[in-house]
Amino acid sequence: MTTDIFPLFGQGVGYGIVIGLGALFAILMSLTTYALSKYMSEVQDSEMYLTAKRSVRAGLIASSVVSSWTLSATLLSTTNFGYLYGIGATFWFGAGCSVPILTFAVLAIELKRKAPNAHTFLELVKHRYGAPGHIVLAIYSLIYQIFISVNLLVGGAAVFHLTTGMHQVAVCFLFPLGVCIYTFFGGIKATFLTEWVHTVILFVIMLVSMFVMYAISEHVGSPGRMWELLMAASEIRPVAGNAEGQLLTMKSVYGGLVGLTFLGGGFSATVDSQLFQKAIAADPRSTVAGYLLGALCWFTIPFCISTTFGLGAAALEHTPAWPTYPDPISADVISQAVQMPYVAYAILGKGGVVAVLLMLFQAITSALSSETVAVTSLVTYDFYRAYIKPSASGKELIFVSHVAVVVYSILVALVAVGLCYAHFSVSFIVTAIGIIIDGAVIPSACTLFWRKQSKYAVTLVPILTSIASIGTWIGVAYRREGVVSVATLSDFYPCVAGNMLALTAPIVLTPLITYMKPENYDFEKFQEIQLVDDSSISGPSKSQSTLESELKSPSPNPALQETQECLAASQSERAELLKARNIALGAALFVAIAMTILWPIPMYGTGYVFSKGFFTGWIVFTFIWGFFGAITITCLPLWQSRRQIRTFFVQVVGGAGDGQAGAVEDEVSVWDKS
């Protein structure tokens, strides 16, 4: 008979957090959008709504990268793997997911270089291959976005139901409500701002929890004491596949399988048009720095969370500090990956459980807003503008975007409810995603990098690969266990087999199908993609072709010199982007090799079990990296926007209206150039 303490709060606490904070963020972001419009003359046309005028700087890009990859599954699964397999799994989880982020930095800069006016990555696909390849990759992107959004809601529903008794159906519908409101009014810029706020709060709670665990907790209080508890826990529950059965070793068979699984799952994210949407919204000079900083800062999330909550669960499970002592963690808690609230209660009491709920709230709403904007862009540009009304004005696209926000929010809520009743866990969803999606990764990358890839390859390779990988996944599960179920499909061996096949099969299939009828695409054609006509919203503006025609004929226009400078700057910018791409490629390779080979492999090969001194140093390093991530994400966006923030408050306090906003923007522009 178990002595579980949950639900710890009444349902009112759960509703208060989900509805109250959701409403607060919706109101604040809507007011921010209104204030920017009133005092900074920021017109919410289609270009601003879906691309933020391609002006977002490195700090906000980095915080957005962290937010996009910090799902409820990131917090819950990394805790679960740390508890089950020890410190090796905590590292391999972060390393496996960091490599795709670093790789995406190269894709992002190449997109900016070759198609500066693109609104979505899929817009390039249609321009190059036509409808068949475009539709296939659009479907893969949409499937991924639905998977991730549903995963966010399923994880949140499990924890809120456990701790407050709040009905899972209510969680699944109320979370998208607040996100829907501020995304509806503010578009992608509101998403960037809320992601920054959410990520800062998440870092603060994470570091506070870590500080309490390793510095002031009466149950742990120091790295040395944690080492002693983990060594004792390894004697009680030795870990199969780990060196000497210890939790404190990098030699972990299942830890390595975790890394391979999430390497596949992480690469599937590169198909997500949401990530390309962030790259499109980035200022060209900020793209590389934003994604590289984002990858390094994101690594701190699973690294610190699993070191605190995952190892904390393993260390405290068999001590009187554990909430259900003398009962160990139940199989149901492990299958749902909800150890975090138990650990939080053990070291921080009820306040710790509230902190966990706040962390999940931040992770769910920020990532869900990103996916909502991405799907909105996909529906607006890659469905409506591509196939229904190519001549649609900016005003019409805004209307379609608003409809898409509402419909998508309802759709993911309905799917999440179904998966909750079917007892799918966040771990199952996030490990299965790469098996289904990874077949589209190589064809997507080749769209930007390989001019010979054919439309047949980009259309057929994802479909053939998915059939093969899903078949392998099911076949290995049946071969090992004799039955196919959620439990057997969740086993690491079928998941790794399916993920690795999905990731590697296109390396063979893509050139094989391409060379049956290769193409020779001219990447310069991507320059033909034009901006949307937003004159019905923001007034007439000159297109690139108009500017070029002015240059070809004598003109007394006093703005001619400025026009020439702008076009020259555009050419210079492309050269800078080529250099930046090469830097990104080198940096991505170096960091990826360091994280996956140079750092962990020697420790894995030797089977080293951490001594007390080494573990203490490890924890100190974890704190340093955690503070680096928190300071970077918190301070860099504020520093880069300091002049705009100052100007905004001057406008508000001075009561300046729209007539002065243009002068303010000119002043900011001058400061930026200096």
# chains A, B, ... in the order shown; residues from 1 in each chain; ligands from 1
>>> select_by_dssp(residues="range 430-544 of chain A", states="helix (DSSP H, G or I)", output="MDAnalysis selection string")
chainID A and resid 430:449 455:481 486:489 492:514 523:528 535:538 544
>>> residues_around(residues="Val271 in chain A", least_positions_apart="6", cutoff="7 Å", atoms="only C-alpha atoms", output="JSON, numbers by chain")
{"A": [141, 440, 441]}
>>> write_last_selection(atoms="N, CA and C atoms", output="PDB file, in the first residue's frame")
ATOM      1  N   SER A 141       6.625  18.652 -41.698  1.00  0.00           N
ATOM      2  CA  SER A 141       6.786  19.747 -40.748  1.00  0.00           C
ATOM      3  C   SER A 141       5.552  19.882 -39.862  1.00  0.00           C
ATOM      4  N   ALA A 440      13.006  13.119 -43.528  1.00  0.00           N
ATOM      5  CA  ALA A 440      12.956  14.385 -44.269  1.00  0.00           C
ATOM      6  C   ALA A 440      14.146  15.287 -43.977  1.00  0.00           C
ATOM      7  N   VAL A 441      15.033  14.900 -43.052  1.00  0.00           N
ATOM      8  CA  VAL A 441      16.125  15.776 -42.636  1.00  0.00           C
ATOM      9  C   VAL A 441      17.129  16.001 -43.766  1.00  0.00           C
TER      10      VAL A 441
END
>>> residues_around(residues="range 351-361 of chain A", least_positions_apart="6", cutoff="8 Å", atoms="only C-alpha atoms", output="ChimeraX atom specification")
/A:17-18,72,75,156,159-160,163,201-202,205,209,340-342,344-345
>>> write_last_selection(atoms="C-alpha atoms", output="mmCIF file, in the first residue's frame")
data_model
loop_
_atom_site.group_PDB
_atom_site.id
_atom_site.type_symbol
_atom_site.label_atom_id
_atom_site.label_comp_id
_atom_site.auth_asym_id
_atom_site.auth_seq_id
_atom_site.Cartn_x
_atom_site.Cartn_y
_atom_site.Cartn_z
ATOM 1 C CA ILE A 17 -1.549 28.996 -12.316
ATOM 2 C CA VAL A 18 -2.801 27.983 -15.753
ATOM 3 C CA SER A 72 7.972 19.686 -20.875
ATOM 4 C CA LEU A 75 12.400 18.658 -17.974
ATOM 5 C CA GLY A 156 1.827 19.410 -18.416
ATOM 6 C CA VAL A 159 2.124 16.871 -13.635
ATOM 7 C CA PHE A 160 -0.762 19.270 -12.951
ATOM 8 C CA THR A 163 0.013 17.629 -7.939
ATOM 9 C CA ILE A 201 12.058 32.614 -15.076
ATOM 10 C CA LEU A 202 12.922 28.993 -15.864
ATOM 11 C CA ILE A 205 13.946 28.535 -10.647
ATOM 12 C CA SER A 209 16.625 24.510 -6.911
ATOM 13 C CA MET A 340 10.302 16.210 -10.339
ATOM 14 C CA PRO A 341 7.473 17.172 -7.943
ATOM 15 C CA TYR A 342 8.595 14.511 -5.443
ATOM 16 C CA ALA A 344 10.994 19.400 -5.167
ATOM 17 C CA TYR A 345 8.791 18.574 -2.185
#
>>> residues_around(residues="Ala158 in chain A", least_positions_apart="2", cutoff="8 Å", atoms="only C-alpha atoms", output="PyMOL selection string")
chain A and resi 154-156+160-162+168+336+338
>>> closest_residue(among="A:Ala243, A:Leu153, A:Ala95, A:Ile364", to="Thr606 in chain A", atoms="only C-alpha atoms")
A:Ala243
>>> select_by_dssp(residues="range 133-357 of chain A", states="strand (DSSP E or B)", output="PyMOL selection string")
chain A and resi 242+249+252+282
>>> closest_residue(among="A:Ala587, A:Ala170, A:Val253, A:Ile435", to="Gln11 in chain A", atoms="only C-alpha atoms")
A:Ala170
>>> atom_distance(atom1="CA of Ala422 in chain A", atom2="CA of Thr78 in chain A")
22.8 Å
>>> residues_around(residues="range 423-429 of chain A", least_positions_apart="6", cutoff="12 Å", atoms="only C-alpha atoms", output="PyMOL selection string")
chain A and resi 71-81+144+146-159+168+258+261-262+265+332-338+415-417+435-436+485-492+494-495
>>> closest_residue(among="A:Val197, A:Ala313, A:Leu585, A:Leu102", to="Ala363 in chain A", atoms="only C-alpha atoms")
A:Val197
